[in-house]
Structure formats: structure tokens, C-alpha cells
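Note: the block below is protein.json and it holds JSON, C-alpha atoms.
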```
[["chain", "number", "residue", "atom", "x", "y", "z"],
["E", 884, "MET", "CA", -7.77, -9.32, -17.33],
["E", 885, "SER", "CA", -11.06, -8.55, -19.04],
["E", 886, "ILE", "CA", -11.12, -5.49, -21.27],
["E", 887, "THR", "CA", -14.03, -3.05, -20.89],
["E", 888, "GLU", "CA", -16.40, -2.43, -23.78],
["E", 889, "ARG", "CA", -15.20, 1.19, -24.13],
["E", 890, "ARG", "CA", -11.55, 0.11, -24.34],
["E", 891, "ARG", "CA", -12.48, -2.67, -26.76],
["E", 892, "GLU", "CA", -14.09, -0.04, -29.03],
["E", 893, "PHE", "CA", -10.95, 2.14, -28.93],
["E", 894, "LEU", "CA", -8.79, -0.89, -29.67],
["E", 895, "ARG", "CA", -11.04, -1.91, -32.58],
["E", 896, "VAL", "CA", -10.86, 1.59, -34.11],
["E", 897, "LEU", "CA", -7.09, 1.75, -33.55],
["E", 898, "LYS", "CA", -6.68, -1.59, -35.35],
["E", 899, "GLU", "CA", -8.84, -0.38, -38.26],
["E", 900, "LEU", "CA", -6.90, 2.89, -38.60],
["E", 901, "TYR", "CA", -3.59, 1.04, -38.33],
["E", 902, "LYS", "CA", -4.66, -1.40, -41.04],
["E", 903, "ILE", "CA", -5.87, 1.38, -43.36],
["E", 904, "LYS", "CA", -2.97, 3.81, -42.84],
["E", 905, "LYS", "CA", -0.27, 1.13, -42.43],
["E", 906, "ARG", "CA", 1.46, 3.15, -39.71],
["E", 907, "PRO", "CA", 1.11, 3.84, -35.98],
["E", 908, "ILE", "CA", -1.72, 6.21, -35.07],
["E", 909, "HIS", "CA", -1.54, 9.45, -33.06],
["E", 910, "TYR", "CA", -4.10, 9.75, -30.26],
["E", 911, "CYS", "CA", -5.62, 12.89, -31.87],
["E", 912, "GLU", "CA", -6.44, 10.86, -35.00],
["E", 913, "LEU", "CA", -8.13, 8.27, -32.85],
["E", 914, "ALA", "CA", -10.00, 10.95, -30.88],
["E", 915, "LYS", "CA", -11.51, 12.36, -34.10],
["E", 916, "GLU", "CA", -12.58, 8.91, -35.26],
["E", 917, "VAL", "CA", -14.18, 7.93, -31.93],
["E", 918, "LYS", "CA", -15.55, 11.47, -31.41],
["E", 919, "VAL", "CA", -13.96, 12.17, -28.03],
["E", 920, "SER", "CA", -11.47, 14.73, -26.77],
["E", 921, "PRO", "CA", -7.77, 14.11, -27.40],
["E", 922, "ALA", "CA", -7.25, 13.91, -23.61],
["E", 923, "THR", "CA", -9.84, 11.14, -23.31],
["E", 924, "ALA", "CA", -8.30, 9.23, -26.21],
["E", 925, "TYR", "CA", -4.84, 9.59, -24.65],
["E", 926, "ASP", "CA", -6.08, 8.35, -21.26],
["E", 927, "ILE", "CA", -7.77, 5.28, -22.76],
["E", 928, "LEU", "CA", -4.67, 4.51, -24.84],
["E", 929, "GLN", "CA", -2.55, 4.68, -21.69],
["E", 930, "LEU", "CA", -4.83, 2.09, -20.06],
["E", 931, "LEU", "CA", -4.59, -0.16, -23.14],
["E", 932, "LEU", "CA", -0.81, 0.28, -23.07],
["E", 933, "GLN", "CA", -0.63, -0.77, -19.39],
["E", 934, "GLU", "CA", -2.77, -3.83, -20.16],
["E", 935, "GLY", "CA", -0.45, -4.87, -23.01],
["E", 936, "TYR", "CA", -2.84, -4.40, -25.96],
["E", 937, "ILE", "CA", -0.90, -1.63, -27.72],
["E", 938, "GLU", "CA", 2.65, -0.33, -27.95],
["E", 939, "PRO", "CA", 3.99, 3.22, -28.34],
["E", 940, "LYS", "CA", 6.10, 4.34, -31.26],
["E", 941, "TYR", "CA", 7.89, 7.65, -30.95],
["E", 942, "GLU", "CA", 8.32, 10.19, -33.72],
["E", 943, "GLU", "CA", 11.46, 9.60, -35.76],
["E", 944, "GLY", "CA", 14.09, 12.24, -36.31],
["E", 945, "ILE", "CA", 15.47, 14.90, -34.05],
["E", 946, "LYS", "CA", 13.28, 17.70, -32.81],
["E", 947, "LYS", "CA", 14.96, 20.94, -31.92],
["E", 948, "ARG", "CA", 12.40, 21.78, -29.23],
["E", 949, "GLY", "CA", 9.66, 20.06, -27.34],
["E", 950, "ARG", "CA", 8.81, 16.41, -26.92],
["E", 951, "LYS", "CA", 8.62, 13.73, -29.56],
["E", 952, "LYS", "CA", 5.09, 12.81, -30.61],
["E", 953, "VAL", "CA", 3.88, 9.42, -29.52],
["E", 954, "TYR", "CA", 1.94, 7.14, -31.85],
["E", 955, "TYR", "CA", 0.33, 3.82, -31.03],
["E", 956, "LYS", "CA", 0.00, 0.51, -32.77],
["E", 957, "PRO", "CA", -1.91, -2.59, -31.72],
["E", 958, "ILE", "CA", 0.03, -5.58, -30.48],
["E", 959, "GLU", "CA", -0.87, -8.92, -31.98],
["E", 960, "GLU", "CA", -3.37, -10.78, -29.89],
["E", 961, "LYS", "CA", -1.73, -12.57, -26.97],
["E", 962, "GLU", "CA", -3.06, -15.87, -28.28],
["E", 963, "ASN", "CA", -1.16, -15.31, -31.53],
["E", 964, "ILE", "CA", 2.04, -14.61, -29.60],
["E", 965, "ILE", "CA", 1.62, -17.86, -27.69],
["E", 966, "ASN", "CA", 1.02, -19.76, -30.94],
["E", 967, "GLU", "CA", 4.19, -18.27, -32.43],
["E", 968, "LEU", "CA", 6.13, -19.86, -29.59],
["E", 969, "ASN", "CA", 5.46, -23.26, -31.19],
["E", 970, "ILE", "CA", 8.90, -23.27, -32.76],
["E", 971, "ASP", "CA", 10.21, -26.13, -34.90],
["E", 972, "ARG", "CA", 12.56, -28.09, -32.66],
["E", 973, "THR", "CA", 13.67, -30.69, -35.24],
["E", 974, "SER", "CA", 16.76, -28.79, -36.41],
["E", 975, "PRO", "CA", 19.01, -27.01, -33.89],
["E", 976, "LEU", "CA", 19.89, -24.26, -36.38],
["E", 977, "LEU", "CA", 16.23, -23.70, -37.34],
["E", 978, "LEU", "CA", 15.25, -23.59, -33.69],
["E", 979, "CYS", "CA", 17.93, -20.97, -32.97],
["E", 980, "ILE", "CA", 17.07, -18.86, -36.01],
["E", 981, "SER", "CA", 13.31, -18.97, -35.45],
["E", 982, "PHE", "CA", 13.61, -18.19, -31.72],
["E", 983, "LEU", "CA", 15.91, -15.20, -32.29],
["E", 984, "LEU", "CA", 13.85, -13.83, -35.18],
["E", 985, "PHE", "CA", 10.69, -14.26, -33.10],
["E", 986, "LEU", "CA", 12.26, -12.19, -30.30],
["E", 987, "ILE", "CA", 13.59, -9.54, -32.68],
["E", 988, "LYS", "CA", 10.13, -9.19, -34.24],
["E", 989, "LYS", "CA", 8.50, -8.60, -30.82],
["E", 990, "ILE", "CA", 10.78, -5.77, -29.71],
["E", 991, "GLN", "CA", 9.88, -2.12, -29.48],
["E", 992, "TRP", "CA", 13.19, -1.08, -31.01],
["E", 993, "HIS", "CA", 14.88, 1.72, -29.15],
["E", 994, "GLU", "CA", 18.17, 3.10, -30.39],
["E", 995, "GLU", "CA", 19.73, 2.22, -27.03],
["E", 996, "LEU", "CA", 18.87, -1.49, -27.38],
["E", 997, "LYS", "CA", 20.05, -1.55, -30.99],
["E", 998, "ASN", "CA", 23.36, 0.00, -29.91],
["E", 999, "TYR", "CA", 23.80, -2.52, -27.07],
["E", 1000, "ILE", "CA", 23.23, -5.45, -29.40],
["E", 1001, "LEU", "CA", 25.49, -4.06, -32.11],
["E", 1002, "PHE", "CA", 28.17, -3.42, -29.48],
["E", 1003, "ILE", "CA", 27.94, -7.00, -28.25],
["E", 1004, "LEU", "CA", 27.93, -8.36, -31.80],
["E", 1005, "GLY", "CA", 30.87, -6.14, -32.75],
["E", 1006, "ASN", "CA", 32.99, -7.33, -29.85],
["E", 1007, "LEU", "CA", 34.59, -10.40, -31.41],
["E", 1008, "LYS", "CA", 36.94, -10.84, -28.44],
["E", 1009, "ILE", "CA", 34.01, -12.52, -26.70],
["E", 1010, "ASN", "CA", 33.34, -16.13, -27.66],
["E", 1011, "ILE", "CA", 30.61, -16.28, -30.35],
["E", 1012, "GLU", "CA", 28.60, -18.81, -28.33],
["E", 1013, "ILE", "CA", 28.54, -16.45, -25.33],
["E", 1014, "ILE", "CA", 27.33, -13.65, -27.61],
["E", 1015, "LEU", "CA", 24.55, -15.90, -28.92],
["E", 1016, "LEU", "CA", 23.58, -16.73, -25.31],
["E", 1017, "ILE", "CA", 23.54, -13.08, -24.17],
["E", 1018, "ILE", "CA", 21.46, -11.66, -27.05],
["E", 1019, "PRO", "CA", 18.16, -13.48, -26.22],
["E", 1020, "LEU", "CA", 18.47, -12.56, -22.55],
["E", 1021, "LEU", "CA", 19.01, -8.92, -23.41],
["E", 1022, "ILE", "CA", 16.06, -8.95, -25.82],
["E", 1023, "LEU", "CA", 13.77, -10.72, -23.33],
["E", 1024, "GLY", "CA", 14.71, -8.10, -20.74],
["E", 1025, "TYR", "CA", 13.75, -5.29, -23.10],
["E", 1026, "ILE", "CA", 10.51, -6.89, -24.25],
["E", 1027, "GLY", "CA", 9.33, -6.53, -20.68],
["E", 1028, "LYS", "CA", 6.26, -7.41, -18.71],
["E", 1029, "ASN", "CA", 3.75, -6.78, -21.51],
["E", 1030, "PHE", "CA", 5.17, -9.76, -23.37],
["E", 1031, "TYR", "CA", 5.02, -12.04, -20.36],
["E", 1032, "HIS", "CA", 1.53, -11.06, -19.24],
["E", 1033, "GLY", "CA", -0.81, -13.97, -19.96],
["E", 1034, "ILE", "CA", 1.90, -16.28, -21.33],
["E", 1035, "ASN", "CA", 2.89, -19.52, -19.65],
["E", 1036, "MET", "CA", 6.32, -18.79, -18.15],
["E", 1037, "GLU", "CA", 7.16, -22.50, -18.13],
["E", 1038, "LYS", "CA", 6.79, -22.54, -21.92],
["E", 1039, "ILE", "CA", 9.20, -19.60, -22.32],
["E", 1040, "LYS", "CA", 11.68, -21.27, -19.93],
["E", 1041, "ASN", "CA", 11.49, -24.54, -21.90],
["E", 1042, "ILE", "CA", 12.04, -22.80, -25.23],
["E", 1043, "LEU", "CA", 14.98, -20.86, -23.84],
["E", 1044, "GLU", "CA", 16.49, -24.11, -22.54],
["E", 1045, "ASP", "CA", 15.90, -25.77, -25.94],
["E", 1046, "TYR", "CA", 17.61, -22.80, -27.61],
["E", 1047, "TRP", "CA", 20.67, -23.12, -25.35],
["E", 1048, "LYS", "CA", 20.88, -26.88, -25.91],
["E", 1049, "ALA", "CA", 20.51, -26.45, -29.68],
["E", 1050, "LEU", "CA", 23.13, -23.70, -29.69],
["E", 1051, "SER", "CA", 25.65, -25.95, -27.95],
["E", 1052, "THR", "CA", 25.21, -28.61, -30.68],
["E", 1053, "LEU", "CA", 25.81, -26.23, -33.59],
["E", 1054, "ALA", "CA", 29.00, -26.35, -35.60],
["E", 1055, "GLU", "CA", 31.15, -23.20, -35.59],
["E", 1056, "GLU", "CA", 30.07, -22.31, -39.14],
["E", 1057, "ASP", "CA", 26.38, -22.57, -38.13],
["E", 1058, "LYS", "CA", 27.05, -20.29, -35.16],
["E", 1059, "ARG", "CA", 28.71, -17.84, -37.55],
["E", 1060, "VAL", "CA", 25.62, -17.99, -39.84],
["E", 1061, "LEU", "CA", 23.39, -17.27, -36.85],
["E", 1062, "TYR", "CA", 25.67, -14.45, -35.71],
["E", 1063, "ASN", "CA", 25.69, -12.85, -39.17],
["E", 1064, "LEU", "CA", 21.90, -13.18, -39.47],
["E", 1065, "ILE", "CA", 21.37, -11.38, -36.16],
["E", 1066, "PHE", "CA", 23.93, -8.71, -37.03],
["E", 1067, "SER", "CA", 22.42, -7.92, -40.44],
["E", 1068, "THR", "CA", 18.83, -8.01, -39.10],
["E", 1069, "VAL", "CA", 19.55, -5.67, -36.19],
["E", 1070, "LYS", "CA", 21.75, -3.36, -38.27],
["E", 1071, "ASN", "CA", 18.96, -2.87, -40.84],
["E", 1072, "ILE", "CA", 16.23, -2.07, -38.30]]
```

As C-alpha cells, what does this structure read like?
Amino acid sequence: MSITERRREFLRVLKELYKIKKRPIHYCELAKEVKVSPATAYDILQLLLQEGYIEPKYEEGIKKRGRKKVYYKPIEEKENIINELNIDRTSPLLLCISFLLFLIKKIQWHEELKNYILFILGNLKINIEIILLIIPLLILGYIGKNFYHGINMEKIKNILEDYWKALSTLAEEDKRVLYNLIFSTVKNI
């Protein structure tokens, strides 16, 4: 989908503000910079969000009243996401680590998802290999349609198959390393 010139300008300014401030940007900040009303900035950001160019980040902490404020950050260009899918397939452990870390990096982390993953990781009654198979599927489900838009689905399917094959060849201690890496990464998010 081709982006309009007006949306491209908003996206450019959002990227500049994000780079300067090193944090997600509230739509009122963007409105001041582009010299439009906050409502106009919000509407354009909603269109960019639907098209997969930006992602929302909600205000941290607990508010006693009212809604949480929403901030926006640009998503890496879709071409960069596709290039990141060129994962090293020479070592099964490296393939597994790089694929999982790639997915973890792409997530809009919600407390609910973090809790699901930590619950699954904390349930050692389940076979560790099954846990390592479930985690990418759960993450891919949460990443959602914005991730898939414009990406060759066959490539994702092939990488997921490579991951599963590599996982089945890993020794138990390598699976434990992978498990611990995911656990510590997710826990510290």
C-alpha cells in the first residue's frame, strides 16, 4: 500500500522526534511540531497504525482515574524486518536463539503476554521441547497482522519449520540454555 505524502510527513516528523527524545511520542507533541490540531494528529497516527508503520505504547504505571495516555513509536521499515529474517541456519542452537530473540524484539509487550509466557516457562511439568515449540507460536499470534503485512508468508513458514527441525536436533543442555535465555529475557522486559 502506498503511503500518502501527508502521512509520510507525519511519519518523518515522528521518526525525528523519536530519535531526538529516545522515547515514544504523544500525538499532542507531534501536533505542535507539524502545526495541526491534536485531533488531526491523532487521526493521522491511527491511519499509520492501521497501515503498520507505527505502534502504540501505553503510559506505564497505574492511573487512579481516566484512561492511560497513548504514545507512538515508528516501526522499523518493513524491508528491514524482512532482512532480519535472514537468520543463520548453520548452527541449530544459533538458529533457535536468533529466531526467538528476533520475535521477542518485535513484540509490543503487554503484561498479559508476558504473564502467559512466564506461566508457560514456569510450568516445568510440560516437556521443555513442547514449551520451546509453543513460545514462538504464542509470540507470532501476538505480533499480529501488522508484522505479516508485506512479508512473504512462505519465508516465515520456512523459518518456523527450520526452527522446529533445529530444536529437535538440540541436546537437552542446549534446550535448557535456550529455555533459560527466553526466561531471563522475558522476565527482564

Between E:Ala1054, E:Ile1042, E:Ile1022, E:Lys952, which is the closest to E:Ile908 once you count only C-alpha atoms? E:Lys952

Spatial neighbours of E:Thr923, 12 Å, only C-alpha atoms, chain gap at least 2 places, as a list in words: Arg889, Arg890, Phe893, Tyr910, Cys911, Leu913, Ala914, Lys915, Val917, Lys918, Val919, Ser920, Pro921, Tyr925, Asp926, Ile927, Leu928, Gln929 and Leu930 of chain E

Go ahead and write the selection's residues with C-alpha atoms as a PDB file, in the coordinates of the input.
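The new file part_39.pdb reads:
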```pdb
ATOM      1  CA  ARG E 889     -15.200   1.190 -24.130  1.00  0.00           C
ATOM      2  CA  ARG E 890     -11.550   0.110 -24.340  1.00  0.00           C
ATOM      3  CA  PHE E 893     -10.950   2.140 -28.930  1.00  0.00           C
ATOM      4  CA  TYR E 910      -4.100   9.750 -30.260  1.00  0.00           C
ATOM      5  CA  CYS E 911      -5.620  12.890 -31.870  1.00  0.00           C
ATOM      6  CA  LEU E 913      -8.130   8.270 -32.850  1.00  0.00           C
ATOM      7  CA  ALA E 914     -10.000  10.950 -30.880  1.00  0.00           C
ATOM      8  CA  LYS E 915     -11.510  12.360 -34.100  1.00  0.00           C
ATOM      9  CA  VAL E 917     -14.180   7.930 -31.930  1.00  0.00           C
ATOM     10  CA  LYS E 918     -15.550  11.470 -31.410  1.00  0.00           C
ATOM     11  CA  VAL E 919     -13.960  12.170 -28.030  1.00  0.00           C
ATOM     12  CA  SER E 920     -11.470  14.730 -26.770  1.00  0.00           C
ATOM     13  CA  PRO E 921      -7.770  14.110 -27.400  1.00  0.00           C
ATOM     14  CA  TYR E 925      -4.840   9.590 -24.650  1.00  0.00           C
ATOM     15  CA  ASP E 926      -6.080   8.350 -21.260  1.00  0.00           C
ATOM     16  CA  ILE E 927      -7.770   5.280 -22.760  1.00  0.00           C
ATOM     17  CA  LEU E 928      -4.670   4.510 -24.840  1.00  0.00           C
ATOM     18  CA  GLN E 929      -2.550   4.680 -21.690  1.00  0.00           C
ATOM     19  CA  LEU E 930      -4.830   2.090 -20.060  1.00  0.00           C
TER      20      LEU E 930
END
```

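Minimum distance to E:Glu1044 across E:Tyr936, E:Tyr901, E:Tyr941, E:Phe982 (counting only C-alpha atoms) occurs at E:Phe982.
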
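Between atom CA of E:Leu900 and atom CA of E:Leu1023 the interatomic distance comes to 29.1 Å.
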
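Here atom CA of E:Tyr1025 stands at a distance of 23.4 Å from atom CA of E:Lys1058.
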
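Interatomic distance, atom CA of E:Gln933 against atom CA of E:Arg891: 14.1 Å.
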
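With distances restricted to all atoms listed in the file, E:Pro957 is the closest residue to E:Ile937 from E:Lys951, E:Pro957, E:Ile987, E:Tyr999.
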
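Comparing the minimum interatomic distances between E:Tyr955 and each of E:Glu912, E:Glu995, E:Asp1045, E:Glu934, counting all atoms listed in the file, we find that E:Glu912 sits nearest.
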
Which of E:Lys997, E:Lys1048, E:Lys1070, E:Lys956 sits closest to E:Ser974 [using all atoms listed in the file]: E:Lys1048

Do you know which residues are at most 12 Å from E:Val1060 counting all atoms listed in the file, after dropping those on the same chain fewer than 2 positions away, and could you put them as a PDB file with C-alpha atoms, in the frame of the given file?
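To be explicit, this is the file written out as out_7.pdb:
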```pdb
ATOM      1  CA  LEU E 976      19.890 -24.260 -36.380  1.00  0.00           C
ATOM      2  CA  LEU E 977      16.230 -23.700 -37.340  1.00  0.00           C
ATOM      3  CA  CYS E 979      17.930 -20.970 -32.970  1.00  0.00           C
ATOM      4  CA  ILE E 980      17.070 -18.860 -36.010  1.00  0.00           C
ATOM      5  CA  ILE E1011      30.610 -16.280 -30.350  1.00  0.00           C
ATOM      6  CA  GLU E1012      28.600 -18.810 -28.330  1.00  0.00           C
ATOM      7  CA  LEU E1015      24.550 -15.900 -28.920  1.00  0.00           C
ATOM      8  CA  LEU E1050      23.130 -23.700 -29.690  1.00  0.00           C
ATOM      9  CA  LEU E1053      25.810 -26.230 -33.590  1.00  0.00           C
ATOM     10  CA  ALA E1054      29.000 -26.350 -35.600  1.00  0.00           C
ATOM     11  CA  GLU E1055      31.150 -23.200 -35.590  1.00  0.00           C
ATOM     12  CA  GLU E1056      30.070 -22.310 -39.140  1.00  0.00           C
ATOM     13  CA  ASP E1057      26.380 -22.570 -38.130  1.00  0.00           C
ATOM     14  CA  LYS E1058      27.050 -20.290 -35.160  1.00  0.00           C
ATOM     15  CA  TYR E1062      25.670 -14.450 -35.710  1.00  0.00           C
ATOM     16  CA  ASN E1063      25.690 -12.850 -39.170  1.00  0.00           C
ATOM     17  CA  LEU E1064      21.900 -13.180 -39.470  1.00  0.00           C
ATOM     18  CA  ILE E1065      21.370 -11.380 -36.160  1.00  0.00           C
ATOM     19  CA  PHE E1066      23.930  -8.710 -37.030  1.00  0.00           C
ATOM     20  CA  SER E1067      22.420  -7.920 -40.440  1.00  0.00           C
TER      21      SER E1067
END
```

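In this comparison, which uses only C-alpha atoms, the residue of E:Leu931, E:Lys902, E:Leu1021, E:Leu894 approaching E:Leu983 most closely is E:Leu1021.
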